[in-house]
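S.K.: There's a structure below that I have some questions on.
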Amino acid sequence: MNVLIIGSGGREHALAWKIAQSALVDEVWSAPGNPGMDVVGPCFDVKADDLESIQKLVLQTNPDLIVVGPEQPLALGVADMLRARGFDVFGPSKEAAQLESSKAFSKERMAKYGVPTARFGRFTETEAARAFLDEMQAPYVLKADGLAAGKGVVIAESRDEAETEIEAMLGGKFGDASAELVIEEFMDGEEASVFVITDGTGAIYLPPAQDHKRVGDGDTGPNTGGMGAYAPAPVMDDAMMARVKSEIAEPMLKGMVKDGTPYQGVLYIGVMVTAEGPKVVEFNARFGDPECQVLMAGLAGDIVPALLASATGGLAGNEAAFVSMLELDDFCPTATVVMATDGYPGSYAKGSAIKGVEVAGDMEGVTVFHAGTDKDSEGTLIAIGGRVLNVTATGEDLQGAIETAYQGVDAIDWPEGFCRRDIGWRAKSR
């Protein structure tokens with residue numbers, strides 16, 4: 001079978017890399033892909049959110065399975081469009097993808113289905129939002145309703161900061177994404193990421209991961225799309241995973257079916273482990289980035305049967321067989337370190353040369369996934385994004401995986417890049 005990956009980031013490179021290992025797969029194609037994905041299989045110069053061009057490409061290439069990586073095309077309805085043409089697609093419908101594309105939609109569904117989450121309010125007017133702050137205590141969590149590339153969440157430490165941020169968001173800080181604002185109570189605890197592959201009724205739970213969203217060591221500075229991750233996350237033990245399944249995932253999936261919007265694809269559950277138990281921070285409609293990288297590198301088995309079953313049905317009642325194919329019991333501890341361009345998540349320059357990626361990739365246990373890379377006219381690898389490389393490593397334990405990942409980082413020659421030096425600090429502190 002031939003598989004088309006839609007997207008061009010580190011998450012999509014990891015998916016292409018893993019899918020290409022399947023005995024079921026002949027070729028992996030990517031649109032638009034990146035230099036790393038081009039090594040896996042042919043890349044087509046078609047933007048992920050250009051639905052008309054994506055449809056033309058699909059009709060020309062006739063893939064057996066389409067895997068949608070990023071959230072934007074899902075929010076635009078790419079899965080609906082391609083399913084209507086008779087193609088098998090791994091990814092939720094436009095309506096179901098609102099669990100990510102609209103924070104307000106997501107919070108309302110959680111309230112309806114009795115899923116534990118923070119108390120919240122939704123606002124389009126500044127005065128009403130300010131008044132809601134009277135009912136809460138600092139710190140305040142402010143979220144742009146729509147998609148903001150992982151940067152639409154602000155934790156305001158004071159009332160003044162919260163009011164300033166309310167004006168900025170509703171004033172267009174994130175464009176249309178912050179035309180509506182969600183304000184939440186702050187949840188105290190430790191955050192983890194849980195990923196559920198589902199066809200709407202059946203569900204497979206992947207090992208829990210933990211992301212590092214802040215740009216600086218010690219979880220300081222502004223939020224980013226993610227500066228590193230590791231799996232499995234010790235904070236999510238078997239008992240906590242069982243609660244996530246029974247209190248969050250199952251009610252959510254059953255509720256979506258009951259409302260006529262069954263969820264197909266991978267459901268990302270951002271979980272806050274609090275003193276009262278697990279609560280939802282957010283839902284995403286796709287694999288996390290960079291959590292996907294550690295999951296793909298750490299999985300011992302074949303992921304393609306599970307992706308195909310999610311797209312076509314047949315998971316319910318057969319979960320054990322797919323878990324066996326994935327070899328989840330043999331998941332290898334894995335860590336990834338994101339190398340980003342100086343200045344990220346603010347403004348940054350493009351075009352700096354990167355050397356040593358092949359050296360790092362040849363190290364035992366290390367795989368380098370490309371995210372924001374390209375090649376110049378002379379074939380030199382250059383940085384064109386904020387988050388540029390994901391240096392990923394497996395190990396006998398998390399400590400070993402983390403150490404090996406940083407050895408890979410140190411083999412890369414890129415003066416204009418930086419990374420956090422404390423990925424996995426919560427796991428190591430345990």
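The chains in the structure tokens are called A, B, ... from first to last as shown; in each chain the residues are counted from 1, and the ligands are counted from 1 in the order shown.
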Residues within 8 Å of stretch 169-171 of chain A, please, as a ChimeraX atom specification. Count only C-alpha atoms; anything in the same chain fewer than 5 positions from it doesn't count.
M.R.: /A:124-126,144,178-181
S.K.: Using C-alpha atoms, can you export the residues from the last selection as a PDB file, in the first residue's frame?
M.R.:
ATOM      1  CA  THR A 124     -16.006  38.387  23.256  1.00  0.00           C
ATOM      2  CA  GLU A 125     -16.266  41.640  25.238  1.00  0.00           C
ATOM      3  CA  THR A 126     -13.528  43.134  27.413  1.00  0.00           C
ATOM      4  CA  ALA A 144      -7.413  32.284  22.469  1.00  0.00           C
ATOM      5  CA  SER A 178      -8.581  35.434  19.706  1.00  0.00           C
ATOM      6  CA  ALA A 179     -11.835  37.054  18.595  1.00  0.00           C
ATOM      7  CA  GLU A 180     -13.252  34.954  21.421  1.00  0.00           C
ATOM      8  CA  LEU A 181     -11.421  34.332  24.663  1.00  0.00           C
TER       9      LEU A 181
END
S.K.: Could you give me, as a PDB file with N, CA and C atoms, in the first residue's frame, each residue of stretch 131-262 of chain A that DSSP assigns to helix (DSSP H, G or I) when run on this structure's backbone?
M.R.:
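Writing the result to out-v8.pdb gives the following:
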ATOM      1  N   ALA A 131     -14.820  41.350  34.404  1.00  0.00           N
ATOM      2  CA  ALA A 131     -15.711  41.058  35.524  1.00  0.00           C
ATOM      3  C   ALA A 131     -15.556  39.613  35.996  1.00  0.00           C
ATOM      4  N   PHE A 132     -15.300  38.699  35.059  1.00  0.00           N
ATOM      5  CA  PHE A 132     -15.141  37.289  35.421  1.00  0.00           C
ATOM      6  C   PHE A 132     -13.917  37.091  36.306  1.00  0.00           C
ATOM      7  N   LEU A 133     -12.914  37.936  36.140  1.00  0.00           N
ATOM      8  CA  LEU A 133     -11.714  37.826  36.975  1.00  0.00           C
ATOM      9  C   LEU A 133     -12.042  38.024  38.455  1.00  0.00           C
ATOM     10  N   ARG A 159      -3.536  40.423  38.406  1.00  0.00           N
ATOM     11  CA  ARG A 159      -4.761  40.971  37.832  1.00  0.00           C
ATOM     12  C   ARG A 159      -4.431  41.972  36.722  1.00  0.00           C
ATOM     13  N   ASP A 160      -3.449  42.822  36.942  1.00  0.00           N
ATOM     14  CA  ASP A 160      -3.083  43.811  35.927  1.00  0.00           C
ATOM     15  C   ASP A 160      -2.620  43.121  34.642  1.00  0.00           C
ATOM     16  N   GLU A 161      -1.796  42.089  34.793  1.00  0.00           N
ATOM     17  CA  GLU A 161      -1.311  41.363  33.622  1.00  0.00           C
ATOM     18  C   GLU A 161      -2.469  40.709  32.885  1.00  0.00           C
ATOM     19  N   ALA A 162      -3.421  40.154  33.636  1.00  0.00           N
ATOM     20  CA  ALA A 162      -4.574  39.500  33.021  1.00  0.00           C
ATOM     21  C   ALA A 162      -5.417  40.500  32.236  1.00  0.00           C
ATOM     22  N   GLU A 163      -5.651  41.689  32.805  1.00  0.00           N
ATOM     23  CA  GLU A 163      -6.458  42.687  32.122  1.00  0.00           C
ATOM     24  C   GLU A 163      -5.763  43.186  30.852  1.00  0.00           C
ATOM     25  N   THR A 164      -4.449  43.361  30.938  1.00  0.00           N
ATOM     26  CA  THR A 164      -3.695  43.774  29.755  1.00  0.00           C
ATOM     27  C   THR A 164      -3.783  42.719  28.657  1.00  0.00           C
ATOM     28  N   GLU A 165      -3.684  41.464  29.061  1.00  0.00           N
ATOM     29  CA  GLU A 165      -3.731  40.375  28.083  1.00  0.00           C
ATOM     30  C   GLU A 165      -5.127  40.225  27.483  1.00  0.00           C
ATOM     31  N   ILE A 166      -6.160  40.446  28.276  1.00  0.00           N
ATOM     32  CA  ILE A 166      -7.534  40.400  27.764  1.00  0.00           C
ATOM     33  C   ILE A 166      -7.703  41.420  26.635  1.00  0.00           C
ATOM     34  N   GLU A 167      -7.241  42.639  26.875  1.00  0.00           N
ATOM     35  CA  GLU A 167      -7.351  43.682  25.853  1.00  0.00           C
ATOM     36  C   GLU A 167      -6.552  43.314  24.606  1.00  0.00           C
ATOM     37  N   ALA A 168      -5.371  42.740  24.821  1.00  0.00           N
ATOM     38  CA  ALA A 168      -4.531  42.379  23.676  1.00  0.00           C
ATOM     39  C   ALA A 168      -5.167  41.269  22.848  1.00  0.00           C
ATOM     40  N   MET A 169      -5.666  40.238  23.516  1.00  0.00           N
ATOM     41  CA  MET A 169      -6.250  39.108  22.784  1.00  0.00           C
ATOM     42  C   MET A 169      -7.513  39.524  22.047  1.00  0.00           C
ATOM     43  N   LEU A 170      -8.443  40.151  22.760  1.00  0.00           N
ATOM     44  CA  LEU A 170      -9.687  40.548  22.112  1.00  0.00           C
ATOM     45  C   LEU A 170      -9.450  41.679  21.110  1.00  0.00           C
ATOM     46  N   GLY A 175      -5.120  37.525  15.892  1.00  0.00           N
ATOM     47  CA  GLY A 175      -6.022  37.611  14.756  1.00  0.00           C
ATOM     48  C   GLY A 175      -7.396  37.056  15.084  1.00  0.00           C
ATOM     49  N   ASP A 176      -7.990  36.363  14.128  1.00  0.00           N
ATOM     50  CA  ASP A 176      -9.318  35.789  14.344  1.00  0.00           C
ATOM     51  C   ASP A 176      -9.320  34.742  15.451  1.00  0.00           C
ATOM     52  N   ALA A 177      -8.166  34.129  15.713  1.00  0.00           N
ATOM     53  CA  ALA A 177      -8.098  33.081  16.737  1.00  0.00           C
ATOM     54  C   ALA A 177      -8.481  33.595  18.112  1.00  0.00           C
ATOM     55  N   SER A 178      -8.245  34.895  18.389  1.00  0.00           N
ATOM     56  CA  SER A 178      -8.581  35.434  19.706  1.00  0.00           C
ATOM     57  C   SER A 178      -9.759  36.408  19.652  1.00  0.00           C
ATOM     58  N   ASP A 238      -0.199   3.418  36.208  1.00  0.00           N
ATOM     59  CA  ASP A 238      -1.324   2.616  35.712  1.00  0.00           C
ATOM     60  C   ASP A 238      -2.656   3.081  36.301  1.00  0.00           C
ATOM     61  N   ALA A 239      -2.655   3.438  37.579  1.00  0.00           N
ATOM     62  CA  ALA A 239      -3.894   3.871  38.218  1.00  0.00           C
ATOM     63  C   ALA A 239      -4.389   5.180  37.621  1.00  0.00           C
ATOM     64  N   MET A 240      -3.468   6.111  37.348  1.00  0.00           N
ATOM     65  CA  MET A 240      -3.872   7.397  36.778  1.00  0.00           C
ATOM     66  C   MET A 240      -4.324   7.218  35.334  1.00  0.00           C
ATOM     67  N   MET A 241      -3.660   6.348  34.591  1.00  0.00           N
ATOM     68  CA  MET A 241      -4.088   6.077  33.224  1.00  0.00           C
ATOM     69  C   MET A 241      -5.493   5.481  33.199  1.00  0.00           C
ATOM     70  N   ALA A 242      -5.782   4.611  34.166  1.00  0.00           N
ATOM     71  CA  ALA A 242      -7.121   4.010  34.239  1.00  0.00           C
ATOM     72  C   ALA A 242      -8.176   5.077  34.488  1.00  0.00           C
ATOM     73  N   ARG A 243      -7.841   6.076  35.303  1.00  0.00           N
ATOM     74  CA  ARG A 243      -8.790   7.159  35.559  1.00  0.00           C
ATOM     75  C   ARG A 243      -8.976   8.043  34.328  1.00  0.00           C
ATOM     76  N   VAL A 244      -7.899   8.302  33.608  1.00  0.00           N
ATOM     77  CA  VAL A 244      -8.014   9.081  32.376  1.00  0.00           C
ATOM     78  C   VAL A 244      -8.938   8.367  31.389  1.00  0.00           C
ATOM     79  N   LYS A 245      -8.786   7.068  31.323  1.00  0.00           N
ATOM     80  CA  LYS A 245      -9.626   6.281  30.409  1.00  0.00           C
ATOM     81  C   LYS A 245     -11.094   6.351  30.817  1.00  0.00           C
ATOM     82  N   SER A 246     -11.390   6.100  32.101  1.00  0.00           N
ATOM     83  CA  SER A 246     -12.784   5.990  32.540  1.00  0.00           C
ATOM     84  C   SER A 246     -13.453   7.340  32.765  1.00  0.00           C
ATOM     85  N   GLU A 247     -12.698   8.354  33.184  1.00  0.00           N
ATOM     86  CA  GLU A 247     -13.289   9.639  33.538  1.00  0.00           C
ATOM     87  C   GLU A 247     -13.224  10.667  32.417  1.00  0.00           C
ATOM     88  N   ILE A 248     -12.303  10.452  31.454  1.00  0.00           N
ATOM     89  CA  ILE A 248     -12.113  11.460  30.408  1.00  0.00           C
ATOM     90  C   ILE A 248     -12.349  10.891  29.011  1.00  0.00           C
ATOM     91  N   ALA A 249     -11.528   9.924  28.614  1.00  0.00           N
ATOM     92  CA  ALA A 249     -11.572   9.455  27.228  1.00  0.00           C
ATOM     93  C   ALA A 249     -12.904   8.791  26.886  1.00  0.00           C
ATOM     94  N   GLU A 250     -13.335   7.835  27.689  1.00  0.00           N
ATOM     95  CA  GLU A 250     -14.573   7.113  27.373  1.00  0.00           C
ATOM     96  C   GLU A 250     -15.794   8.021  27.355  1.00  0.00           C
ATOM     97  N   PRO A 251     -16.010   8.883  28.376  1.00  0.00           N
ATOM     98  CA  PRO A 251     -17.159   9.790  28.288  1.00  0.00           C
ATOM     99  C   PRO A 251     -17.101  10.720  27.089  1.00  0.00           C
ATOM    100  N   MET A 252     -15.893  11.150  26.726  1.00  0.00           N
ATOM    101  CA  MET A 252     -15.759  12.074  25.600  1.00  0.00           C
ATOM    102  C   MET A 252     -16.112  11.379  24.286  1.00  0.00           C
ATOM    103  N   LEU A 253     -15.547  10.195  24.073  1.00  0.00           N
ATOM    104  CA  LEU A 253     -15.811   9.481  22.823  1.00  0.00           C
ATOM    105  C   LEU A 253     -17.277   9.070  22.713  1.00  0.00           C
ATOM    106  N   LYS A 254     -17.851   8.591  23.807  1.00  0.00           N
ATOM    107  CA  LYS A 254     -19.266   8.200  23.785  1.00  0.00           C
ATOM    108  C   LYS A 254     -20.166   9.408  23.550  1.00  0.00           C
ATOM    109  N   GLY A 255     -19.817  10.532  24.157  1.00  0.00           N
ATOM    110  CA  GLY A 255     -20.613  11.737  23.978  1.00  0.00           C
ATOM    111  C   GLY A 255     -20.574  12.242  22.547  1.00  0.00           C
ATOM    112  N   MET A 256     -19.387  12.168  21.932  1.00  0.00           N
ATOM    113  CA  MET A 256     -19.266  12.615  20.541  1.00  0.00           C
ATOM    114  C   MET A 256     -20.105  11.747  19.610  1.00  0.00           C
ATOM    115  N   VAL A 257     -20.129  10.435  19.854  1.00  0.00           N
ATOM    116  CA  VAL A 257     -20.961   9.539  19.052  1.00  0.00           C
ATOM    117  C   VAL A 257     -22.440   9.879  19.243  1.00  0.00           C
ATOM    118  N   LYS A 258     -22.838  10.082  20.494  1.00  0.00           N
ATOM    119  CA  LYS A 258     -24.238  10.385  20.796  1.00  0.00           C
ATOM    120  C   LYS A 258     -24.685  11.671  20.126  1.00  0.00           C
TER     121      LYS A 258
END
S.K.: DSSP on the backbone, then: every residue of stretch 6-48 of chain A marked strand (DSSP E), written as a ChimeraX atom specification.
M.R.: /A:6-7,27-32
S.K.: May I have the selected residues written with N, CA and C atoms, as a PDB file, in the first residue's frame?
M.R.:
ATOM      1  N   ILE A   6       0.235  14.271   5.092  1.00  0.00           N
ATOM      2  CA  ILE A   6       0.002  15.686   4.877  1.00  0.00           C
ATOM      3  C   ILE A   6       0.667  16.457   6.011  1.00  0.00           C
ATOM      4  N   GLY A   7       1.625  17.339   5.653  1.00  0.00           N
ATOM      5  CA  GLY A   7       2.328  18.131   6.647  1.00  0.00           C
ATOM      6  C   GLY A   7       3.812  18.195   6.363  1.00  0.00           C
ATOM      7  N   GLU A  27       5.286   2.582  -0.459  1.00  0.00           N
ATOM      8  CA  GLU A  27       5.877   3.909  -0.554  1.00  0.00           C
ATOM      9  C   GLU A  27       5.176   4.863   0.407  1.00  0.00           C
ATOM     10  N   VAL A  28       5.942   5.837   0.890  1.00  0.00           N
ATOM     11  CA  VAL A  28       5.397   6.929   1.701  1.00  0.00           C
ATOM     12  C   VAL A  28       5.636   8.229   0.953  1.00  0.00           C
ATOM     13  N   TRP A  29       4.565   8.956   0.687  1.00  0.00           N
ATOM     14  CA  TRP A  29       4.647  10.250   0.025  1.00  0.00           C
ATOM     15  C   TRP A  29       4.306  11.340   1.041  1.00  0.00           C
ATOM     16  N   SER A  30       4.792  12.533   0.805  1.00  0.00           N
ATOM     17  CA  SER A  30       4.528  13.639   1.718  1.00  0.00           C
ATOM     18  C   SER A  30       4.167  14.897   0.948  1.00  0.00           C
ATOM     19  N   ALA A  31       3.287  15.703   1.557  1.00  0.00           N
ATOM     20  CA  ALA A  31       2.902  16.985   0.968  1.00  0.00           C
ATOM     21  C   ALA A  31       2.748  18.021   2.082  1.00  0.00           C
ATOM     22  N   PRO A  32       3.590  19.049   2.143  1.00  0.00           N
ATOM     23  CA  PRO A  32       4.722  19.270   1.245  1.00  0.00           C
ATOM     24  C   PRO A  32       6.002  18.549   1.665  1.00  0.00           C
TER      25      PRO A  32
END
S.K.: Using only C-alpha atoms, what does the table of stretch 253-345 of chain A residues within 6 Å of stretch 196-212 of chain A look like, with each row giving the shortest atom pair and its distance in Å to one decimal, sorted by chain and ascending number, as CSV?
M.R.:
residue,atom,partner,partner_atom,distance
A:Pro262,CA,A:Gly200,CA,5.1
A:Tyr263,CA,A:Gly200,CA,4.8
A:Gln264,CA,A:Asp199,CA,4.6
A:Gly265,CA,A:Thr198,CA,5.6
A:Val266,CA,A:Ile197,CA,4.4
A:Leu267,CA,A:Val196,CA,5.1
A:Ser310,CA,A:Asp199,CA,4.1
A:Gly313,CA,A:Asp199,CA,5.4
A:Leu315,CA,A:Gly202,CA,4.7
A:Ala316,CA,A:Gly202,CA,3.6
S.K.: In Å, with one decimal, what is the gap from atom CA of A:Pro333 to atom CA of A:Gly41?
M.R.: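 Going from atom CA of A:Pro333 over to atom CA of A:Gly41, I get 27.2 Å.
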S.K.: Could you list, as a ChimeraX atom specification, every residue within 10 Å of A:Gly121, counting only C-alpha atoms and ignoring same-chain residues fewer than 3 positions away?
M.R.: /A:104,107-108,118,128-129,132-133,142,181-185
S.K.: Go through A:Lys279, A:Arg130, A:Arg85, A:Arg11 one by one, measure the shortest atom-to-atom distance of each to A:Thr336 using only C-alpha atoms, and give the residue with the smallest value.
M.R.: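 Closest residue, counting only C-alpha atoms: A:Arg11.
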S.K.: What lies within 7 Å of stretch 219-234 of chain A using only C-alpha atoms, ignoring chain neighbours under 3 positions off, as a PyMOL selection string?
M.R.: chain A and resi 149-151+207-216+237+289-291+294-295+333-338+345+420+423-424+427
S.K.: Would you kindly return, as a list in words, each protein, DNA or RNA residue with an atom no farther than 6 Å from any atom of stretch 317-332 of chain A, considering only C-alpha atoms and excluding same-chain residues fewer than 4 positions away?
M.R.: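 Returned residues: Gly298, Leu299, Ala300, Gly301, Asp302 and Ile303 of chain A.
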S.K.: Separation of atom CA of A:Met136 and atom CA of A:Thr117, in Å?
M.R.: 15.2 Å
S.K.: Closest to A:Gly365 among A:Gln293, A:Asn34, A:Thr380, A:Thr392, using only C-alpha atoms?
M.R.: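 Going through A:Gln293, A:Asn34, A:Thr380, A:Thr392 one by one, the smallest distance to A:Gly365 is for A:Thr392.
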S.K.: Restricting the calculation to only C-alpha atoms, which member of A:Gly146, A:Gly351, A:Gly361, A:Pro278 is positioned closest to A:Val388?
M.R.: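 For A:Val388, the nearest of the candidates is A:Gly351.
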S.K.: Give me the residues within 12 Å of stretch 410-415 of chain A as a count of residues only, counting only C-alpha atoms and dropping any in the same chain fewer than 5 places off.
M.R.: 31
S.K.: Given the choices A:Ile54, A:Ala16, A:Leu65, A:Leu4, which gets closest to A:Ala306 if the distance is worked out from only C-alpha atoms?
M.R.: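 Residue with the minimum atom-to-atom distance to A:Ala306: A:Leu65.
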S.K.: Residues at most 8 Å from A:Val235, counting only C-alpha atoms, excluding those fewer than 6 positions away in the same chain, as a list in words?
M.R.: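 The residues that qualify are Glu190, Ala192, Val273 and Ala427 of chain A.
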S.K.: Would you save the residues of that selection, restricted to C-alpha atoms, as an mmCIF file, in the first residue's frame?
M.R.:
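As written to disk, again26.cif reads:
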data_model
loop_
_atom_site.group_PDB
_atom_site.id
_atom_site.type_symbol
_atom_site.label_atom_id
_atom_site.label_comp_id
_atom_site.auth_asym_id
_atom_site.auth_seq_id
_atom_site.Cartn_x
_atom_site.Cartn_y
_atom_site.Cartn_z
ATOM 1 C CA GLU A 190 1.820 18.155 36.813
ATOM 2 C CA ALA A 192 1.149 15.018 30.825
ATOM 3 C CA VAL A 273 -2.628 15.488 37.410
ATOM 4 C CA ALA A 427 11.223 12.457 35.449
#
S.K.: Can you work out the spacing between atom CA of A:Thr312 and atom CA of A:Arg83 in Å, to one decimal?
M.R.: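 Computing the Euclidean distance for atom CA of A:Thr312 and atom CA of A:Arg83 yields 10.3 Å.
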